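Participant: Pasting a structure below so you can have a look.
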Amino acid sequence: MKKTIKLFFASALVFAATIAQAQTADDIINKYFEATGGAAKWAEVKSVKMIAKGKQGGMEFPITSLQKAPNLMKQTINFQGKDITISAFDGKEMWKTSFMTMKAEKGEAEDSENAAKSLDFPDPFLDYKAKGYSVALEGEEKVEGTDCYKIKLTKKPIKVDGKEEEDFSYYFFDKENGVVIMNRSVGKKGQMKDVAVETLMSDYQEVNGLFFPFTVSQKINGQVAFTMAMEKLEMNVAIDNKEFAFPID
């Protein structure tokens, strides 16, 4: 009888642990939204304009980032007095400024197709199930000495060289205050294929009731390649869709 009770008790513990783990990922995400202003307030964000100072390879330059629901985006730097679009998406096509010709050029059709599926604005975890995403808690890990929960976010499959591939990355949530302090992903194609990229976020500051990281740095294969310090952030500003459109000479 005692053996039966012990076996039943052990099975109950295993079942409880499984249920707890299934709930924990959502608990961590809910805590994150609570810590940064609340999911309801995040859902009210329709546009964001950010002005920052970037540093790369010993050079410093101004950065302007525009984002607008559902997935419009544009990042521009000013280098030697010239505005250069690093990356833009108008809802249908990706494009950027060529450093060779200093003229706008369209991206590959495959990249535009993948971008159209990405609905990360204003936050990838907001209504993630409705977007067709999934999450999984994959334990704990230290990031720069900070204890974190490690959550895998899997989005819709993307195409890489004509073949569908799983699209996922890892987010690290500070166990103490609940905010995301790092994202880890691996490049899928070109020079970045199989290259580990880590984006670290810190110095969270409040803007109209929501908290944003004002310092961002990017590591490639463990080495810092880029840093950005936010100078100004505005939400729900009017941004004409023409700002994102491919320029016509």
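Chains: A, B, ... in order of the structure tokens. Residues: from 1 per chain. Ligands: from 1, in order shown.
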When DSSP is applied to the backbone of this structure, which of range 19-91 of chain A are assigned alpha helix (DSSP H)? Write them out as a ChimeraX atom specification.

Facilitator: /A:19-35,39-42

Participant: If you take only C-alpha atoms and a cut-off of 12 Å, which residues of range 27-52 of chain A touch range 197-212 of chain A, and what are their nearest atom pairs and distances in Å to one decimal, in chain and number order, as CSV?

Facilitator:
residue,atom,partner,partner_atom,distance
A:Tyr32,CA,A:Phe211,CA,10.4
A:Phe33,CA,A:Leu210,CA,9.3
A:Glu34,CA,A:Leu210,CA,9.8
A:Ala35,CA,A:Phe211,CA,8.0
A:Thr36,CA,A:Phe211,CA,4.7
A:Gly37,CA,A:Leu210,CA,4.6
A:Gly38,CA,A:Leu210,CA,7.8
A:Ala39,CA,A:Leu210,CA,9.8
A:Ala40,CA,A:Leu210,CA,10.7
A:Lys41,CA,A:Leu210,CA,7.6
A:Trp42,CA,A:Leu210,CA,7.4
A:Ala43,CA,A:Leu210,CA,11.1
A:Glu44,CA,A:Leu210,CA,10.8
A:Val45,CA,A:Leu210,CA,9.8
A:Val48,CA,A:Val207,CA,11.0
A:Lys49,CA,A:Val207,CA,11.9
A:Met50,CA,A:Phe212,CA,10.8

Participant: Ranking A:Ile248, A:Ala136, A:Met182, A:Val160 by minimum distance to Cys148 in chain A and counting only C-alpha atoms, which one comes first?

Facilitator: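 Ranking A:Ile248, A:Ala136, A:Met182, A:Val160 by distance to Cys148 in chain A, first place goes to A:Met182.
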
Participant: Do you know which residues are at most 9 Å from Asp26 in chain A counting only C-alpha atoms, after dropping those on the same chain fewer than 4 positions away, and could you put them as a list in words?

Facilitator: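 Skipping anything fewer than 4 positions along the chain leaves Ala22, Asn30, Lys31, Val135, Ala136 and Leu137 of chain A.
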
Participant: Would you pick out the contacts of Glu110 in chain A at 9 Å or less, using only C-alpha atoms, so that residues sharing its chain but fewer than 6 positions from it are not included, and give the list as a list in words?

Facilitator: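 The residues that qualify are Ile158, Lys159, Val160, Asp161 and Gly162 of chain A.
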
Participant: I need the strand (DSSP E) residues of range 19-88 of chain A per DSSP on the backbone, written as a VMD selection string.

Facilitator: chain A and resid 47 to 56 59 to 68 72 to 79 82 to 88

Participant: Enter the distance from CA of Gln223 in chain A to CA of Gly54 in chain A, in Å, rounded to one decimal.

Facilitator: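 Here the two named atoms are 16.3 Å from each other.
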
Participant: Need to verify the contact set: Asp83 in chain A, 10 Å, only C-alpha atoms, exclusion of same-chain residues closer than 4 positions in sequence. Can you return it as a list in words?

Facilitator: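 After dropping sequence-adjacent residues, the list is Pro62, Ile63, Thr64, Thr76, Ile77, Asn78, Phe79, Thr97 and Met102 of chain A.
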
Participant: Write the selection just made, keeping N, CA, C and O atoms, as a short mmCIF file (atom, residue, chain, number, x, y, z; two decimals), in the first residue's frame?

Facilitator:
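Full text of again-v8.cif as output:
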data_model
loop_
_atom_site.label_atom_id
_atom_site.label_comp_id
_atom_site.auth_asym_id
_atom_site.auth_seq_id
_atom_site.Cartn_x
_atom_site.Cartn_y
_atom_site.Cartn_z
N PRO A 62 24.18 59.72 -35.98
CA PRO A 62 22.77 59.80 -35.56
C PRO A 62 21.94 58.71 -36.23
O PRO A 62 22.20 58.33 -37.38
N ILE A 63 20.95 58.21 -35.51
CA ILE A 63 20.03 57.19 -36.03
C ILE A 63 18.60 57.66 -35.84
O ILE A 63 18.24 58.17 -34.76
N THR A 64 17.79 57.51 -36.85
CA THR A 64 16.35 57.76 -36.73
C THR A 64 15.62 56.47 -37.09
O THR A 64 15.86 55.88 -38.14
N THR A 76 17.25 54.90 -40.44
CA THR A 76 18.12 55.77 -41.22
C THR A 76 19.27 56.28 -40.37
O THR A 76 19.07 56.62 -39.19
N ILE A 77 20.46 56.32 -40.93
CA ILE A 77 21.59 56.94 -40.24
C ILE A 77 22.05 58.14 -41.06
O ILE A 77 21.78 58.23 -42.27
N ASN A 78 22.70 59.08 -40.39
CA ASN A 78 23.29 60.21 -41.09
C ASN A 78 24.79 60.05 -41.02
O ASN A 78 25.39 60.11 -39.95
N PHE A 79 25.40 59.83 -42.18
CA PHE A 79 26.83 59.59 -42.24
C PHE A 79 27.47 60.59 -43.19
O PHE A 79 27.10 60.66 -44.37
N THR A 97 19.38 51.81 -48.81
CA THR A 97 20.29 52.60 -49.62
C THR A 97 21.56 51.80 -49.87
O THR A 97 22.15 51.25 -48.95
N MET A 102 24.82 54.80 -53.48
CA MET A 102 24.10 55.78 -52.67
C MET A 102 22.68 56.03 -53.20
O MET A 102 22.09 57.09 -52.99
#
